[in-house]
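For reference, run_27.csv (CSV, C-alpha atoms and all ligand atoms):
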chain,number,residue,atom,x,y,z
A,1,MET,CA,108.3,99.3,122.1
A,2,LYS,CA,104.5,100.1,122.3
A,3,TYR,CA,102.8,103.1,120.8
A,4,GLU,CA,99.4,104.7,120.4
A,5,VAL,CA,98.4,106.2,117.1
A,6,VAL,CA,96.4,109.4,116.4
A,7,LEU,CA,94.6,109.4,113.1
A,8,PRO,CA,93.2,112.8,112.1
A,9,ALA,CA,90.0,112.0,110.1
A,10,ALA,CA,88.0,115.2,110.4
A,11,GLY,CA,88.9,116.8,107.1
A,12,SER,CA,86.5,117.6,104.3
A,13,GLY,CA,88.4,116.3,101.3
A,14,SER,CA,87.9,119.5,99.3
A,15,ARG,CA,90.7,118.8,96.8
A,16,MET,CA,89.3,115.3,96.1
A,17,GLY,CA,86.1,117.0,94.9
A,18,ALA,CA,83.9,114.0,95.9
A,19,GLY,CA,81.3,116.1,97.7
A,20,MET,CA,82.1,114.1,100.9
A,21,ASN,CA,84.9,113.3,103.3
A,22,LYS,CA,87.3,111.4,101.0
A,23,LEU,CA,88.0,108.8,103.7
A,24,PHE,CA,84.7,107.2,102.9
A,25,LEU,CA,85.7,106.6,99.3
A,26,GLN,CA,86.5,103.0,98.5
A,27,LEU,CA,89.5,101.4,97.1
A,28,ASN,CA,88.9,97.8,96.0
A,29,GLY,CA,85.6,97.8,97.9
A,30,THR,CA,87.0,99.0,101.3
A,31,SER,CA,87.0,102.6,102.5
A,32,ILE,CA,90.3,104.5,102.7
A,33,LEU,CA,89.7,104.9,106.4
A,34,VAL,CA,89.3,101.2,107.0
A,35,HIS,CA,92.4,100.4,104.9
A,36,THR,CA,94.4,102.7,107.2
A,37,LEU,CA,92.8,101.3,110.4
A,38,ARG,CA,93.7,97.8,109.4
A,39,VAL,CA,97.4,98.6,109.3
A,40,PHE,CA,97.4,99.6,113.0
A,41,GLU,CA,95.0,97.0,114.0
A,42,ALA,CA,97.4,94.4,112.7
A,43,ASP,CA,100.5,95.9,114.3
A,44,ASP,CA,101.1,94.2,117.7
A,45,LYS,CA,103.1,97.2,118.9
A,46,CYS,CA,100.1,99.5,118.5
A,47,THR,CA,98.1,99.5,121.7
A,48,GLY,CA,95.5,102.1,120.9
A,49,ILE,CA,94.0,104.1,118.1
A,50,TRP,CA,92.6,107.6,118.4
A,51,LEU,CA,90.4,109.1,115.7
A,52,ALA,CA,89.6,112.8,115.4
A,53,VAL,CA,86.2,113.0,113.6
A,54,LYS,CA,83.5,115.4,112.7
A,55,ASP,CA,80.5,115.2,115.0
A,56,ALA,CA,78.2,114.6,112.0
A,57,GLU,CA,80.3,111.7,110.8
A,58,ARG,CA,81.0,109.9,114.2
A,59,GLU,CA,78.1,107.5,113.8
A,60,GLN,CA,79.1,106.5,110.3
A,61,ILE,CA,82.7,106.0,111.3
A,62,GLU,CA,81.7,104.0,114.4
A,63,GLN,CA,79.7,101.7,112.1
A,64,LEU,CA,82.7,101.2,109.7
A,65,ILE,CA,84.9,100.3,112.7
A,66,ARG,CA,82.3,97.8,114.0
A,67,GLU,CA,81.8,96.2,110.6
A,68,ALA,CA,85.6,95.9,110.0
A,69,GLY,CA,86.1,94.3,113.4
A,70,ILE,CA,88.6,97.0,114.5
A,71,GLN,CA,89.2,96.5,118.3
A,72,LYS,CA,91.8,99.0,119.2
A,73,VAL,CA,89.9,102.3,119.0
A,74,LYS,CA,90.1,104.1,122.3
A,75,GLY,CA,88.3,107.3,121.4
A,76,LEU,CA,86.8,109.5,118.7
A,77,PRO,CA,87.0,113.1,119.9
A,78,THR,CA,85.7,115.9,117.8
A,79,GLY,CA,88.3,117.3,115.4
A,80,GLY,CA,88.9,121.0,114.8
A,81,ALA,CA,89.0,123.5,111.9
A,82,GLU,CA,92.7,122.8,111.3
A,83,ARG,CA,94.4,119.4,111.2
A,84,GLN,CA,96.6,120.5,114.1
A,85,HIS,CA,93.5,121.1,116.2
A,86,SER,CA,92.2,117.7,115.3
A,87,VAL,CA,95.4,116.0,116.4
A,88,ARG,CA,95.3,118.0,119.7
A,89,SER,CA,91.8,116.8,120.4
A,90,CYS,CA,93.2,113.3,120.7
A,91,LEU,CA,96.3,114.2,122.6
A,92,VAL,CA,94.4,115.9,125.3
A,93,GLN,CA,92.2,112.8,125.8
A,94,MET,CA,94.8,110.1,125.9
A,95,GLU,CA,96.7,109.0,129.0
A,96,PRO,CA,100.5,109.5,129.0
A,97,THR,CA,102.2,106.7,127.1
A,98,ASP,CA,105.7,106.0,125.8
A,99,LEU,CA,105.3,106.8,122.1
A,100,VAL,CA,102.7,108.5,119.9
A,101,MET,CA,102.5,108.3,116.2
A,102,VAL,CA,100.4,110.8,114.2
A,103,HIS,CA,99.3,109.4,110.9
A,104,ASP,CA,97.0,110.9,108.2
A,105,ALA,CA,93.9,108.6,107.9
A,106,ALA,CA,94.3,109.4,104.2
A,107,ARG,CA,97.6,107.4,103.8
A,108,PRO,CA,96.4,103.8,103.7
A,109,PHE,CA,99.6,102.3,102.2
A,110,ILE,CA,102.1,102.9,105.0
A,111,LEU,CA,104.5,100.0,105.3
A,112,GLN,CA,105.0,98.1,108.5
A,113,ASP,CA,108.8,98.4,108.1
A,114,THR,CA,108.5,102.2,108.1
A,115,ILE,CA,106.4,102.2,111.3
A,116,ASP,CA,109.0,99.9,113.0
A,117,ARG,CA,111.9,102.2,112.1
A,118,LEU,CA,110.0,105.3,113.2
A,119,ALA,CA,109.2,103.8,116.5
A,120,GLU,CA,112.8,102.8,117.1
A,121,VAL,CA,114.2,106.2,116.2
A,122,ALA,CA,111.6,108.2,118.1
A,123,LEU,CA,112.1,106.1,121.2
A,124,GLU,CA,115.8,106.8,121.1
A,125,LYS,CA,115.9,110.4,119.9
A,126,GLY,CA,112.4,111.8,120.8
A,127,ALA,CA,111.1,112.6,117.3
A,128,ALA,CA,111.2,110.9,113.9
A,129,ILE,CA,109.1,111.5,110.8
A,130,ALA,CA,108.6,109.7,107.5
A,131,GLY,CA,109.8,111.3,104.3
A,132,VAL,CA,111.0,110.5,100.8
A,133,ARG,CA,113.6,112.3,98.6
A,134,VAL,CA,112.1,114.6,96.0
A,135,LYS,CA,112.3,113.2,92.5
A,136,ASP,CA,111.9,116.4,90.4
A,137,THR,CA,114.2,119.3,89.9
A,138,MET,CA,113.1,122.0,92.4
A,139,LYS,CA,113.2,125.7,91.7
A,140,ILE,CA,112.1,128.8,93.6
A,141,VAL,CA,109.9,130.8,91.4
A,142,ARG,CA,108.9,134.4,92.0
A,143,GLU,CA,106.2,136.0,89.8
A,144,GLY,CA,106.6,133.3,87.2
A,145,ILE,CA,110.3,133.7,86.8
A,146,ILE,CA,113.0,131.2,88.2
A,147,GLU,CA,114.9,132.8,91.0
A,148,GLU,CA,117.0,129.8,92.0
A,149,THR,CA,117.5,126.1,91.4
A,150,VAL,CA,117.5,124.4,94.8
A,151,ASP,CA,120.0,121.6,95.7
A,152,ARG,CA,117.8,118.5,95.6
A,153,ASP,CA,120.1,116.5,97.9
A,154,MET,CA,118.7,118.6,100.8
A,155,LEU,CA,115.0,118.3,99.9
A,156,TRP,CA,112.6,115.8,101.3
A,157,SER,CA,108.9,115.4,100.8
A,158,ILE,CA,107.4,114.9,104.3
A,159,GLN,CA,104.8,112.3,105.0
A,160,THR,CA,103.3,110.7,108.0
A,161,PRO,CA,103.6,108.8,110.4
A,162,GLN,CA,105.3,111.3,112.6
A,163,ALA,CA,106.5,109.6,115.8
A,164,PHE,CA,107.3,111.2,119.1
A,165,ARG,CA,107.9,110.4,122.7
A,166,TYR,CA,104.6,111.3,124.3
A,167,ASP,CA,106.0,114.0,126.5
A,168,VAL,CA,107.8,115.7,123.6
A,169,LEU,CA,104.7,115.9,121.4
A,170,LYS,CA,102.4,116.9,124.3
A,171,GLU,CA,104.8,119.7,125.3
A,172,ALA,CA,105.0,120.9,121.7
A,173,SER,CA,101.2,120.9,121.3
A,174,ASP,CA,100.7,122.7,124.6
A,175,VAL,CA,103.1,125.4,123.7
A,176,ALA,CA,101.6,125.8,120.2
A,177,ASP,CA,98.1,126.0,121.8
A,178,LYS,CA,99.2,128.6,124.3
A,179,VAL,CA,100.9,130.9,121.8
A,180,GLY,CA,98.6,130.3,118.9
A,181,PHE,CA,101.3,128.7,116.7
A,182,LEU,CA,100.0,126.9,113.7
A,183,GLY,CA,102.2,124.4,111.9
A,184,THR,CA,101.6,122.3,108.8
A,185,ASP,CA,102.7,119.1,110.6
A,186,GLU,CA,103.5,117.9,114.1
A,187,ALA,CA,107.2,118.1,113.4
A,188,MET,CA,107.0,121.9,113.1
A,189,LEU,CA,105.5,122.1,116.6
A,190,VAL,CA,108.4,120.0,117.9
A,191,GLU,CA,111.0,121.9,115.9
A,192,ASN,CA,109.5,125.1,117.4
A,193,ILE,CA,110.4,124.0,121.0
A,194,GLY,CA,113.9,123.2,120.0
A,195,TYR,CA,114.1,119.5,119.5
A,196,ASP,CA,115.9,117.7,116.7
A,197,VAL,CA,113.5,115.9,114.4
A,198,HIS,CA,115.0,112.9,112.7
A,199,ILE,CA,114.0,111.6,109.2
A,200,VAL,CA,113.3,108.0,108.4
A,201,GLU,CA,113.3,107.2,104.7
A,202,SER,CA,109.9,106.0,103.7
A,203,SER,CA,108.3,104.6,100.5
A,204,TYR,CA,106.8,106.4,97.5
A,205,GLU,CA,103.8,104.1,98.0
A,206,ASN,CA,102.9,106.0,101.2
A,207,VAL,CA,101.0,108.5,99.2
A,208,LYS,CA,98.2,110.7,100.6
A,209,MET,CA,94.9,110.3,98.9
A,210,THR,CA,94.5,113.9,98.0
A,211,THR,CA,93.2,114.3,94.4
A,212,LYS,CA,91.3,112.0,92.0
A,213,GLU,CA,94.6,110.8,90.4
A,214,ASP,CA,95.8,109.5,93.7
A,215,LEU,CA,92.9,107.0,93.7
A,216,LEU,CA,94.2,105.5,90.5
A,217,PHE,CA,97.6,105.1,92.0
A,218,GLY,CA,96.0,103.6,95.1
A,219,GLU,CA,94.1,101.0,93.2
A,220,ALA,CA,97.3,100.1,91.4
A,221,ILE,CA,99.2,99.7,94.7
A,222,LEU,CA,96.5,97.4,96.0
A,223,LYS,CA,96.6,95.3,92.8
A,224,SER,CA,100.4,95.0,93.0
A,225,ARG,CA,100.1,93.8,96.6
A,226,GLU,CA,97.6,91.0,95.7
A,227,GLN,CA,100.2,89.3,93.6
B,1,LIG,N1,92.1,116.5,108.9
B,1,LIG,C1,91.5,116.6,110.1
B,1,LIG,N2,91.0,117.8,110.5
B,1,LIG,C2,91.1,118.9,109.7
B,1,LIG,C3,91.7,118.8,108.4
B,1,LIG,C4,92.2,117.5,108.1
B,1,LIG,O1,91.5,115.6,110.9
B,1,LIG,N3,90.6,120.0,110.1
B,1,LIG,C5,92.7,115.1,108.5
B,1,LIG,C6,92.1,114.6,107.2
B,1,LIG,O2,90.9,113.9,107.4
B,1,LIG,C7,93.2,113.7,106.6
B,1,LIG,C8,94.4,114.3,107.2
B,1,LIG,O3,94.1,115.3,108.2
B,1,LIG,O4,93.1,112.4,107.1
B,1,LIG,C9,95.3,115.0,106.1
B,1,LIG,O5,94.6,116.1,105.6
B,1,LIG,P1,94.2,116.4,104.1
B,1,LIG,O6,94.9,115.4,103.2
B,1,LIG,O7,94.5,117.8,103.8
B,1,LIG,O8,92.7,116.1,104.1
B,1,LIG,P2,91.4,117.1,104.0
B,1,LIG,O9,91.7,118.3,104.8
B,1,LIG,O10,90.2,116.3,104.2
B,1,LIG,O11,91.5,117.4,102.4
B,1,LIG,P3,91.5,118.9,101.7
B,1,LIG,O12,92.7,119.6,102.3
B,1,LIG,O13,91.6,118.6,100.2
B,1,LIG,O14,90.2,119.5,102.1
B,2,MG,MG,93.4,119.6,104.3

Take the structure in the file and give it back as structure tokens.
Ligand code: CTP
Ligand code: MG
Amino acid sequence: MKYEVVLPAAGSGSRMGAGMNKLFLQLNGTSILVHTLRVFEADDKCTGIWLAVKDAEREQIEQLIREAGIQKVKGLPTGGAERQHSVRSCLVQMEPTDLVMVHDAARPFILQDTIDRLAEVALEKGAAIAGVRVKDTMKIVREGIIEETVDRDMLWSIQTPQAFRYDVLKEASDVADKVGFLGTDEAMLVENIGYDVHIVESSYENVKMTTKEDLLFGEAILKSREQ
């Protein structure tokens, strides 16, 4: 059960407020980007890594890849203004394959077990995405006033990887591109063409490095894994 992974890495990290692409920030002396790359480099089922990058950062990223000894990178196409466009820039360059996973380069703590289960379900069903159950009480608020308390049993926080049979994701991306549909994740594009998207329960450790507080959590996760 082989797959290729698409890692969108062409963001600007504005919510991190570091004045640079947050993927270059280090956790325990290694950049967030290299932490993420190492997961897929180490997984035998992963046969290729695609990175969407900004033109101005391509050289710096190529250098990180060389220094870290990452061998599986097949291409670094230019990303777009939206994450969806960055993902598409990789999809249009890759050869048809069985499975594609799309994974935020900013989620370095993805567990191998989650990747394995996603690959399994996506191969059988066509589409599977990682998520965790929400922990807090959730309410719909309109103009500062509670309108409704939502049944938490039905609510999931969605993460990446999002895994698809290649033909399913390519069709979804082609349709979205044609009609100008913009989704917040790949699953939305696939839902949009009528496929069932299955959920695979992931780990709360698979947090996206988004704001400064996430870096503290990230350092703590790395420390706990050293033991
Ligand atoms: N990304 C991308 N192309 C974009 C926007 C985002 O490839 N046009 C990537 C980011 O590099 C990141 C992933 O998509 O690895 C998830 O996006 P997010 O966490 O939102 O990162 P940024 O967009 O960089 O951060 P922010 O939204 O705070 O600016
Ligand atoms: Mg963003």

Selection: 12 Å around A:Val175, all atoms listed in the file, excl. self and same-chain fewer than 3 positions, as a PDB file with C-alpha atoms, in the frame of the given file:
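This went into selection34.pdb:
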ATOM      1  CA  ARG A  88      95.300 118.000 119.700  1.00  0.00           C
ATOM      2  CA  VAL A 168     107.800 115.700 123.600  1.00  0.00           C
ATOM      3  CA  LEU A 169     104.700 115.900 121.400  1.00  0.00           C
ATOM      4  CA  LYS A 170     102.400 116.900 124.300  1.00  0.00           C
ATOM      5  CA  GLU A 171     104.800 119.700 125.300  1.00  0.00           C
ATOM      6  CA  ALA A 172     105.000 120.900 121.700  1.00  0.00           C
ATOM      7  CA  LYS A 178      99.200 128.600 124.300  1.00  0.00           C
ATOM      8  CA  VAL A 179     100.900 130.900 121.800  1.00  0.00           C
ATOM      9  CA  GLY A 180      98.600 130.300 118.900  1.00  0.00           C
ATOM     10  CA  PHE A 181     101.300 128.700 116.700  1.00  0.00           C
ATOM     11  CA  LEU A 182     100.000 126.900 113.700  1.00  0.00           C
ATOM     12  CA  GLY A 183     102.200 124.400 111.900  1.00  0.00           C
ATOM     13  CA  MET A 188     107.000 121.900 113.100  1.00  0.00           C
ATOM     14  CA  LEU A 189     105.500 122.100 116.600  1.00  0.00           C
ATOM     15  CA  VAL A 190     108.400 120.000 117.900  1.00  0.00           C
ATOM     16  CA  GLU A 191     111.000 121.900 115.900  1.00  0.00           C
ATOM     17  CA  ASN A 192     109.500 125.100 117.400  1.00  0.00           C
ATOM     18  CA  ILE A 193     110.400 124.000 121.000  1.00  0.00           C
ATOM     19  CA  GLY A 194     113.900 123.200 120.000  1.00  0.00           C
TER      20      GLY A 194
END

Fill in: Given only C-alpha atoms and all ligand atoms as the counted atoms, nearest of A:Gly48, A:Gly126, A:Gly80, A:Gly69 to ligand MG 2 (chain B)
A:Gly80

Got a sec to check which residues lie within 10 Å of ligand MG 2 (chain B), using all atoms listed in the file, and send them as a short mmCIF file (atom, residue, chain, number, x, y, z; two decimals) with C-alpha atoms, in the coordinates of the input?
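The file below, result00.cif, is the result:
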data_model
loop_
_atom_site.label_atom_id
_atom_site.label_comp_id
_atom_site.auth_asym_id
_atom_site.auth_seq_id
_atom_site.Cartn_x
_atom_site.Cartn_y
_atom_site.Cartn_z
CA ALA A 10 88.00 115.20 110.40
CA GLY A 11 88.90 116.80 107.10
CA SER A 12 86.50 117.60 104.30
CA GLY A 13 88.40 116.30 101.30
CA SER A 14 87.90 119.50 99.30
CA ARG A 15 90.70 118.80 96.80
CA ALA A 81 89.00 123.50 111.90
CA GLU A 82 92.70 122.80 111.30
CA ARG A 83 94.40 119.40 111.20
CA THR A 184 101.60 122.30 108.80
CA THR A 210 94.50 113.90 98.00
#

Discussion item. Taking 6 positions as the minimum chain separation for residues in the same chain, which residues sit within 7 Å of stretch 89-104 of chain A when counting only C-alpha atoms? Answer as a list in words.
Written reply: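 Skipping anything fewer than 6 positions along the chain leaves Lys2, Tyr3, Glu4, Val5, Val6, Leu7, Pro8, Trp50, Ala52, Pro77, Thr78, Gly79, Leu123, Thr160, Pro161, Gln162, Ala163, Phe164, Arg165, Tyr166 and Lys170 of chain A.
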
Worksheet item: From the list A:Lys22, A:Arg142, A:Lys125, A:Arg133, which residue is nearest ligand LIG 1 (chain B) when using all atoms listed in the file?
Response: A:Lys22
